[in-house]
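Asker: This is upload-v5.txt, which holds compact mmCIF, C-alpha atoms:
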```txt
# COMPACT_ATOMS: atom_id res chain seq x y z
CA GLY L 1 -1.71 -47.45 -38.37
CA VAL L 2 -0.87 -43.83 -37.76
CA MET L 3 1.46 -43.38 -34.78
CA PRO L 4 2.24 -40.35 -32.61
CA GLY L 5 5.11 -38.43 -34.19
CA ASP L 6 4.36 -39.48 -37.77
CA ILE L 7 4.92 -36.72 -40.31
CA ILE L 8 2.16 -36.59 -42.91
CA VAL L 9 3.53 -35.82 -46.37
CA ARG L 10 0.74 -36.92 -48.74
CA LEU L 11 -2.97 -37.74 -48.68
CA ASN L 12 -3.78 -39.73 -51.79
CA SER L 13 -2.15 -37.64 -54.55
CA GLN L 14 -2.28 -34.38 -52.56
CA GLU L 15 1.07 -33.20 -51.14
CA ILE L 16 0.69 -32.06 -47.52
CA LYS L 17 2.84 -29.23 -46.19
CA SER L 18 0.40 -27.56 -43.80
CA VAL L 19 -2.83 -28.03 -41.88
CA GLU L 20 -4.53 -26.06 -44.65
CA ASP L 21 -3.33 -28.59 -47.23
CA PHE L 22 -4.64 -31.41 -45.08
CA THR L 23 -8.03 -29.75 -44.58
CA LYS L 24 -8.37 -29.13 -48.32
CA ALA L 25 -7.57 -32.78 -49.08
CA LEU L 26 -10.10 -33.94 -46.48
CA ALA L 27 -12.81 -31.86 -48.15
CA GLU L 28 -12.34 -33.86 -51.34
CA LEU L 29 -12.94 -37.26 -49.71
CA ASP L 30 -16.03 -39.30 -50.53
CA GLY L 31 -15.80 -42.00 -47.84
CA SER L 32 -13.66 -44.47 -49.75
CA GLU L 33 -10.36 -45.70 -48.35
CA ILE L 34 -7.44 -43.31 -48.72
CA GLU L 35 -3.67 -43.70 -48.87
CA LEU L 36 -1.81 -41.67 -46.28
CA THR L 37 1.94 -41.30 -46.78
CA VAL L 38 3.94 -40.58 -43.64
CA LEU L 39 7.55 -40.30 -42.52
CA ARG L 40 8.42 -42.38 -39.46
CA ASP L 41 11.98 -42.78 -38.17
CA GLU L 42 13.23 -41.43 -41.53
CA LYS L 43 11.31 -44.14 -43.42
CA THR L 44 8.45 -43.48 -45.84
CA LEU L 45 5.33 -45.56 -45.14
CA GLN L 46 2.02 -45.81 -46.96
CA LEU L 47 -1.00 -46.41 -44.74
CA THR L 48 -4.58 -47.22 -45.75
CA LEU L 49 -7.30 -45.47 -43.74
CA LYS L 50 -11.07 -45.47 -43.83
CA PRO L 51 -12.60 -41.98 -43.28
CA VAL L 52 -15.58 -41.59 -40.96
CA GLN L 53 -18.20 -38.85 -41.11
CA ASP L 54 -18.78 -36.76 -37.99
CA VAL L 55 -22.18 -35.44 -36.89
CA ASP L 56 -21.81 -32.49 -39.27
CA GLY L 57 -21.16 -34.74 -42.24
CA VAL L 58 -17.44 -33.87 -42.43
CA TRP L 59 -15.04 -36.70 -43.24
CA ARG L 60 -12.48 -37.34 -40.48
CA LEU L 61 -9.42 -39.55 -40.14
CA GLY L 62 -9.12 -39.47 -36.36
CA VAL L 63 -5.71 -37.79 -36.23
CA TRP L 64 -4.63 -34.77 -34.22
CA LEU L 65 -2.25 -32.45 -36.09
CA ARG L 66 0.44 -30.03 -35.03
CA SER L 67 1.97 -27.82 -37.67
CA SER L 68 3.85 -25.18 -35.67
CA VAL L 69 5.41 -24.54 -32.29
CA SER L 70 6.58 -21.47 -30.41
CA GLY L 71 8.14 -20.57 -27.09
CA ILE L 72 10.79 -18.65 -25.19
CA GLY L 73 14.43 -19.67 -25.15
CA THR L 74 17.89 -18.12 -25.16
CA VAL L 75 20.42 -17.46 -27.91
CA THR L 76 23.84 -18.84 -26.97
CA TYR L 77 26.20 -17.33 -29.53
CA TYR L 78 26.33 -15.15 -32.62
CA ASP L 79 29.14 -14.83 -35.16
CA PRO L 80 29.00 -11.37 -36.80
CA SER L 81 31.41 -12.44 -39.53
CA THR L 82 28.95 -15.04 -40.85
CA GLY L 83 25.62 -13.94 -39.32
CA GLU L 84 25.19 -17.43 -37.85
CA TYR L 85 23.77 -18.03 -34.38
CA GLY L 86 23.09 -21.01 -32.13
CA ALA L 87 20.42 -21.24 -29.43
CA LEU L 88 18.82 -23.51 -26.81
CA GLY L 89 21.54 -26.19 -26.73
CA HIS L 90 18.87 -28.85 -27.27
CA SER L 91 16.26 -29.66 -29.87
CA ILE L 92 12.69 -28.42 -30.13
CA THR L 93 10.52 -31.47 -29.57
CA ASP L 94 6.81 -32.22 -29.63
CA ALA L 95 5.47 -31.58 -26.14
CA ASP L 96 3.29 -34.71 -26.17
CA THR L 97 5.46 -37.28 -27.94
CA GLY L 98 9.02 -36.04 -27.38
CA VAL L 99 9.71 -36.40 -31.12
CA LEU L 100 12.23 -33.95 -32.60
CA LEU L 101 10.24 -31.64 -34.86
CA PRO L 102 11.48 -31.18 -38.42
CA ILE L 103 11.50 -27.52 -39.42
CA SER L 104 10.63 -26.23 -42.86
CA GLU L 105 10.91 -22.59 -41.78
CA GLY L 106 11.04 -20.52 -38.62
CA THR L 107 12.01 -17.21 -37.10
CA ILE L 108 13.48 -15.86 -33.89
CA SER L 109 12.36 -12.58 -32.38
CA GLU L 110 13.13 -10.39 -29.40
CA ALA L 111 11.31 -11.32 -26.20
CA SER L 112 10.57 -9.61 -22.91
CA VAL L 113 10.24 -11.63 -19.70
CA SER L 114 7.23 -10.54 -17.65
CA ASP L 115 7.38 -12.91 -14.69
CA VAL L 116 8.97 -16.10 -13.40
CA VAL L 117 7.45 -19.27 -12.00
CA PRO L 118 10.28 -20.40 -9.67
CA GLY L 119 11.41 -24.00 -9.85
CA GLU L 120 10.89 -26.29 -6.89
CA LYS L 121 11.71 -29.89 -6.13
CA GLY L 122 9.63 -32.10 -8.42
CA LYS L 123 8.40 -29.25 -10.60
CA ALA L 124 10.30 -27.25 -13.21
CA GLY L 125 9.86 -23.49 -13.16
CA GLU L 126 9.48 -21.35 -16.26
CA LEU L 127 9.84 -17.88 -17.68
CA HIS L 128 6.72 -16.08 -18.89
CA GLY L 129 7.04 -13.38 -21.48
CA SER L 130 5.91 -11.89 -24.75
CA TYR L 131 7.26 -11.59 -28.26
CA ASP L 132 6.05 -10.51 -31.66
CA ALA L 133 6.65 -13.36 -34.09
CA SER L 134 5.88 -11.05 -37.02
CA LYS L 135 9.00 -9.02 -36.19
CA GLY L 136 11.62 -11.66 -36.77
CA ILE L 137 15.29 -10.89 -36.27
CA GLY L 138 16.57 -14.13 -37.77
CA THR L 139 15.78 -17.43 -39.41
CA VAL L 140 15.59 -20.91 -37.92
CA ASP L 141 17.22 -23.22 -40.44
CA ALA L 142 18.01 -26.35 -38.41
CA ASN L 143 16.59 -28.12 -35.36
CA THR L 144 19.15 -30.56 -33.93
CA PRO L 145 19.87 -32.47 -30.70
CA HIS L 146 22.38 -29.76 -29.75
CA GLY L 147 20.30 -26.69 -30.53
CA ILE L 148 18.61 -24.65 -33.20
CA PHE L 149 20.66 -22.75 -35.75
CA GLY L 150 20.12 -20.04 -38.31
CA THR L 151 21.21 -16.57 -39.37
CA SER L 152 20.56 -13.09 -38.02
CA SER L 153 21.96 -9.58 -38.20
CA SER L 154 20.54 -8.09 -35.02
CA PHE L 155 22.86 -8.98 -32.13
CA ASP L 156 25.30 -6.72 -30.32
CA GLY L 157 27.78 -7.73 -27.66
CA ASN L 158 31.39 -8.36 -26.76
CA ALA L 159 33.28 -11.08 -28.61
CA LEU L 160 34.58 -14.01 -26.55
CA PRO L 161 36.99 -16.77 -27.53
CA VAL L 162 35.64 -20.31 -27.67
CA ALA L 163 37.05 -22.73 -25.11
CA GLU L 164 38.71 -25.91 -26.30
CA PRO L 165 37.39 -29.11 -24.67
CA ASP L 166 40.45 -29.49 -22.43
CA GLU L 167 40.10 -25.89 -21.22
CA ILE L 168 36.77 -26.61 -19.52
CA SER L 169 37.34 -27.54 -15.89
CA ASP L 170 35.37 -28.22 -12.74
CA GLY L 171 34.97 -25.00 -10.80
CA PRO L 172 33.47 -21.51 -10.80
CA ALA L 173 31.86 -20.06 -13.91
CA THR L 174 29.04 -17.69 -14.84
CA ILE L 175 25.98 -17.80 -17.05
CA LEU L 176 24.32 -14.98 -18.96
CA ALA L 177 20.55 -15.04 -18.54
CA ASN L 178 17.50 -12.83 -19.02
CA VAL L 179 14.97 -13.37 -16.23
CA SER L 180 13.37 -9.91 -16.18
CA GLY L 181 12.35 -7.63 -19.04
CA SER L 182 14.97 -7.66 -21.75
CA GLU L 183 18.02 -7.19 -19.53
CA VAL L 184 20.78 -9.82 -19.62
CA GLU L 185 22.64 -10.32 -16.33
CA GLU L 186 25.61 -12.46 -15.32
CA TYR L 187 25.15 -15.02 -12.54
CA ASP L 188 27.55 -17.29 -10.65
CA VAL L 189 27.44 -21.05 -11.17
CA GLN L 190 29.66 -24.06 -10.53
CA ILE L 191 30.63 -26.44 -13.36
CA SER L 192 31.34 -30.13 -13.00
CA ARG L 193 31.89 -32.42 -15.95
CA ALA L 194 28.92 -34.75 -16.31
CA ASP L 195 30.88 -37.12 -18.57
CA SER L 196 34.64 -36.86 -18.73
CA GLY L 197 35.73 -35.95 -22.22
CA GLY L 198 32.12 -35.86 -23.47
CA ASP L 199 29.87 -33.01 -24.45
CA ARG L 200 27.72 -32.71 -21.32
CA LEU L 201 28.24 -30.39 -18.35
CA LEU L 202 26.61 -30.29 -14.94
CA VAL L 203 25.80 -26.77 -13.74
CA THR L 204 24.93 -25.75 -10.18
CA VAL L 205 23.56 -22.25 -9.58
CA THR L 206 25.33 -20.56 -6.65
CA ASP L 207 24.24 -16.97 -7.27
CA GLU L 208 21.95 -15.83 -4.44
CA ASP L 209 20.10 -13.30 -6.60
CA LEU L 210 19.25 -15.89 -9.25
CA LEU L 211 18.25 -18.46 -6.65
CA LYS L 212 15.94 -15.92 -5.06
CA THR L 213 14.35 -14.99 -8.40
CA THR L 214 14.04 -18.37 -10.15
CA GLY L 215 15.03 -21.05 -7.64
CA GLY L 216 17.81 -22.02 -10.03
CA ILE L 217 17.40 -23.11 -13.65
CA VAL L 218 13.96 -22.80 -15.25
CA GLN L 219 12.43 -23.40 -18.66
CA GLY L 220 13.28 -20.51 -20.97
CA MET L 221 16.88 -20.34 -19.76
CA SER L 222 17.89 -23.07 -22.20
CA GLY L 223 20.74 -21.73 -24.29
CA SER L 224 22.06 -19.37 -21.61
CA PRO L 225 25.79 -19.02 -22.35
CA ILE L 226 28.22 -20.53 -19.82
CA ILE L 227 31.45 -18.56 -19.43
CA GLN L 228 34.60 -19.68 -17.65
CA ASN L 229 37.94 -17.88 -17.51
CA GLY L 230 36.77 -15.36 -20.07
CA LYS L 231 35.85 -17.99 -22.65
CA LEU L 232 32.54 -19.37 -23.93
CA VAL L 233 32.42 -22.98 -22.78
CA GLY L 234 28.81 -24.05 -23.42
CA ALA L 235 25.10 -23.51 -22.84
CA VAL L 236 22.54 -24.44 -20.20
CA THR L 237 20.13 -27.07 -21.58
CA HIS L 238 18.02 -28.81 -18.93
CA VAL L 239 17.04 -28.48 -15.28
CA LEU L 240 17.18 -31.39 -12.86
CA VAL L 241 13.55 -31.54 -11.75
CA SER L 242 14.60 -33.24 -8.50
CA ASP L 243 16.87 -30.26 -7.72
CA PRO L 244 16.17 -27.03 -9.66
CA THR L 245 19.42 -25.47 -8.45
CA ARG L 246 21.20 -27.88 -10.80
CA GLY L 247 20.96 -28.64 -14.48
CA TYR L 248 22.76 -29.95 -17.52
CA GLY L 249 24.64 -28.06 -20.16
CA VAL L 250 26.26 -28.83 -23.50
CA THR L 251 29.76 -27.80 -24.54
CA ILE L 252 30.15 -25.05 -27.10
CA GLY L 253 32.26 -27.43 -29.18
CA ALA L 254 29.31 -29.79 -29.55
CA MET L 255 27.03 -26.93 -30.63
CA LEU L 256 29.50 -25.62 -33.20
CA GLU L 257 30.11 -29.11 -34.57
CA GLU L 258 26.35 -29.61 -34.94
CA SER L 259 25.89 -26.26 -36.65
CA ALA L 260 28.54 -27.15 -39.23
CA ALA L 261 27.02 -30.56 -40.01
```
Here is a file; write its structure as structure tokens.
Answerer:
Amino acid sequence: GVMPGDIIVRLNSQEIKSVEDFTKALAELDGSEIELTVLRDEKTLQLTLKPVQDVDGVWRLGVWLRSSVSGIGTVTYYDPSTGEYGALGHSITDADTGVLLPISEGTISEASVSDVVPGEKGKAGELHGSYDASKGIGTVDANTPHGIFGTSSSFDGNALPVAEPDEISDGPATILANVSGSEVEEYDVQISRADSGGDRLLVTVTDEDLLKTTGGIVQGMSGSPIIQNGKLVGAVTHVLVSDPTRGYGVTIGAMLEESAA
């Protein structure tokens, strides 16, 4: 039967690209069995379902749909020569199933952080803020395990060289993060390699101001650039829920390799 994370692509002969398409196809049902075509683990499956009428006489299939997702995250890098950017350092996944969400289209927009729920042991903190999705400043063209990628023309800043893998070392570094309004500040952290020669980093927040404000790393800081010795070395990706002062990061090399794939 239908499983959590299935991507519905067709109901009988009707192609499904949105909730509106699905609702329109449902309205044409007469109670007979239908063929539902889904994508699961990159395989196309055809499922047979029997609709059931609800108390209002509407035919239902007993599935709960999600067609869009939104949230606050951080852009890691921008290349003005190509207009390409990378953000988050990890994929956008379904909050209930953990499935990586395929993206047909998306936008990024400017955001303002209004308040912070500090992280504490056993509970991840988060940034609260606002944004106007109708005022996009870039596209979202790819959702991958190492971040989201697209194009934009709206970023200013100082260019930094990209660190080679062997230039990343255990020791002091900084991250750029926005935890209040729209201001980006630089905060002290400590890097340790989570897997020698791999693409993961372990980041420990040592900056007293950031610890006081957020308790460490919180949701919404994903993608915060990590800088060491004047070079961009990676991005913050996840907080350790057992210790919010620490979290994982991904190397910039891994993000750039993913963006070029």
Asker: May I have the protein, DNA and RNA residues with an atom at most 10 Å from (9.6, -20.5, -21.5), counting all atoms listed in the file in the file's coordinates, returned as a count of residues only?
Answerer: 19
Asker: Record the distance separating atom CA of Thr174 of chain L and atom CA of Thr251 of chain L, expressed in Å with one decimal.
Answerer: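 A separation of 14.0 Å between them.
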Asker: Tell me, as a list of chain:residue names, which residues lie within 8 Å of segment 240-247 of chain L, counting only C-alpha atoms; anything in the same chain fewer than 5 positions away does not count.
Answerer: L:Gly119, L:Glu120, L:Lys121, L:Gly122, L:Lys123, L:Ala124, L:Leu202, L:Val203, L:Thr204, L:Val205, L:Thr206, L:Leu211, L:Gly215, L:Gly216, L:Ile217, L:Val218
Asker: Ile137 of chain L: which residues within 7 Å, counting all atoms listed in the file, same-chain residues fewer than 6 positions away excluded, as a list in words?
Answerer: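 Skipping anything fewer than 6 positions along the chain leaves Ile108, Ser109, Ser152 and Ser154 of chain L.
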Asker: Select, counting all atoms listed in the file, all protein, DNA and RNA residues no farther than 9 Å from (17.9, -22.8, -42.9) in file coordinates, and express the selection as a ChimeraX atom specification.
Answerer: /L:103-106,139-142,149-151
Asker: Quick check, in Å to one decimal: how far apart do atom CA of Ile226 of chain L and atom CA of Gly89 of chain L lie?
Answerer: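 Between atom CA of Ile226 of chain L and atom CA of Gly89 of chain L the gap is 11.2 Å.
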Asker: May I ask which of the residues L:Ser169, L:Thr237, L:Asn158, L:Gln228 is the closest one to Ile92 of chain L, counting all atoms listed in the file?
Answerer: L:Thr237
Asker: Go ahead and compute the interatomic distance for atom CA of Met255 of chain L and atom CA of Ile148 of chain L, in Å to one decimal.
Answerer: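 Here the two named atoms are 9.1 Å from each other.
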Asker: Return the single residue from L:Gly57, L:Gly223, L:Gly138, L:Gly198 that is closest to Asn178 of chain L, with distances computed using only C-alpha atoms.
Answerer: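 Looking at the shortest contact to Asn178 of chain L, the residue is L:Gly223.
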Asker: Kindly reconstruct segment 110-135 of chain L with N, CA, C and O atoms and present the result as a compact mmCIF listing (two decimals), in the coordinates of the input.
Answerer:
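File produced: out06.txt:
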```txt
# COMPACT_ATOMS: atom_id res chain seq x y z
N GLU L 110 12.81 -10.88 -30.74
CA GLU L 110 13.13 -10.39 -29.40
C GLU L 110 11.98 -10.71 -28.45
O GLU L 110 10.81 -10.70 -28.84
N ALA L 111 12.32 -10.99 -27.20
CA ALA L 111 11.31 -11.32 -26.20
C ALA L 111 11.55 -10.52 -24.93
O ALA L 111 12.67 -10.10 -24.64
N SER L 112 10.49 -10.30 -24.19
CA SER L 112 10.57 -9.61 -22.91
C SER L 112 9.95 -10.51 -21.84
O SER L 112 8.82 -10.99 -21.99
N VAL L 113 10.71 -10.76 -20.78
CA VAL L 113 10.24 -11.63 -19.70
C VAL L 113 9.39 -10.82 -18.73
O VAL L 113 9.83 -9.79 -18.20
N SER L 114 8.17 -11.28 -18.51
CA SER L 114 7.23 -10.54 -17.65
C SER L 114 7.21 -11.05 -16.22
O SER L 114 7.05 -10.28 -15.28
N ASP L 115 7.35 -12.35 -16.04
CA ASP L 115 7.38 -12.91 -14.69
C ASP L 115 8.00 -14.29 -14.73
O ASP L 115 8.21 -14.88 -15.79
N VAL L 116 8.30 -14.82 -13.55
CA VAL L 116 8.97 -16.10 -13.40
C VAL L 116 8.16 -17.00 -12.47
O VAL L 116 7.71 -16.56 -11.41
N VAL L 117 7.97 -18.24 -12.90
CA VAL L 117 7.45 -19.27 -12.00
C VAL L 117 8.67 -20.01 -11.46
O VAL L 117 9.32 -20.76 -12.20
N PRO L 118 9.06 -19.79 -10.19
CA PRO L 118 10.28 -20.40 -9.67
C PRO L 118 10.20 -21.92 -9.68
O PRO L 118 9.13 -22.52 -9.51
N GLY L 119 11.35 -22.55 -9.90
CA GLY L 119 11.41 -24.00 -9.85
C GLY L 119 11.41 -24.48 -8.40
O GLY L 119 11.86 -23.79 -7.49
N GLU L 120 10.87 -25.66 -8.21
CA GLU L 120 10.89 -26.29 -6.89
C GLU L 120 11.08 -27.78 -7.08
O GLU L 120 10.90 -28.31 -8.18
N LYS L 121 11.44 -28.47 -6.03
CA LYS L 121 11.71 -29.89 -6.13
C LYS L 121 10.50 -30.62 -6.68
O LYS L 121 9.40 -30.51 -6.16
N GLY L 122 10.71 -31.35 -7.79
CA GLY L 122 9.63 -32.10 -8.42
C GLY L 122 8.85 -31.33 -9.46
O GLY L 122 7.98 -31.91 -10.12
N LYS L 123 9.14 -30.04 -9.64
CA LYS L 123 8.40 -29.25 -10.60
C LYS L 123 9.31 -28.18 -11.20
O LYS L 123 9.86 -27.34 -10.49
N ALA L 124 9.45 -28.22 -12.53
CA ALA L 124 10.30 -27.25 -13.21
C ALA L 124 9.62 -25.88 -13.26
O ALA L 124 8.42 -25.79 -13.49
N GLY L 125 10.39 -24.85 -13.02
CA GLY L 125 9.86 -23.49 -13.16
C GLY L 125 9.92 -23.05 -14.61
O GLY L 125 10.39 -23.78 -15.49
N GLU L 126 9.46 -21.84 -14.89
CA GLU L 126 9.48 -21.35 -16.26
C GLU L 126 9.43 -19.83 -16.31
O GLU L 126 8.94 -19.18 -15.38
N LEU L 127 9.94 -19.30 -17.41
CA LEU L 127 9.84 -17.88 -17.68
C LEU L 127 8.58 -17.61 -18.47
O LEU L 127 8.25 -18.35 -19.41
N HIS L 128 7.86 -16.55 -18.11
CA HIS L 128 6.72 -16.08 -18.89
C HIS L 128 7.12 -14.78 -19.56
O HIS L 128 7.81 -13.95 -18.97
N GLY L 129 6.68 -14.60 -20.79
CA GLY L 129 7.04 -13.38 -21.48
C GLY L 129 6.24 -13.20 -22.74
O GLY L 129 5.29 -13.93 -23.02
N SER L 130 6.62 -12.21 -23.51
CA SER L 130 5.91 -11.89 -24.75
C SER L 130 6.91 -11.63 -25.86
O SER L 130 8.05 -11.24 -25.61
N TYR L 131 6.44 -11.86 -27.08
CA TYR L 131 7.26 -11.59 -28.26
C TYR L 131 6.32 -11.40 -29.44
O TYR L 131 5.17 -11.84 -29.42
N ASP L 132 6.83 -10.75 -30.44
CA ASP L 132 6.05 -10.51 -31.66
C ASP L 132 6.69 -11.32 -32.78
O ASP L 132 7.72 -10.93 -33.34
N ALA L 133 6.08 -12.47 -33.09
CA ALA L 133 6.65 -13.36 -34.09
C ALA L 133 6.69 -12.74 -35.47
O ALA L 133 7.45 -13.18 -36.34
N SER L 134 5.88 -11.69 -35.70
CA SER L 134 5.88 -11.05 -37.02
C SER L 134 7.10 -10.15 -37.21
O SER L 134 7.38 -9.72 -38.32
N LYS L 135 7.81 -9.86 -36.11
CA LYS L 135 9.00 -9.02 -36.19
C LYS L 135 10.23 -9.88 -35.96
O LYS L 135 10.92 -9.77 -34.94
```
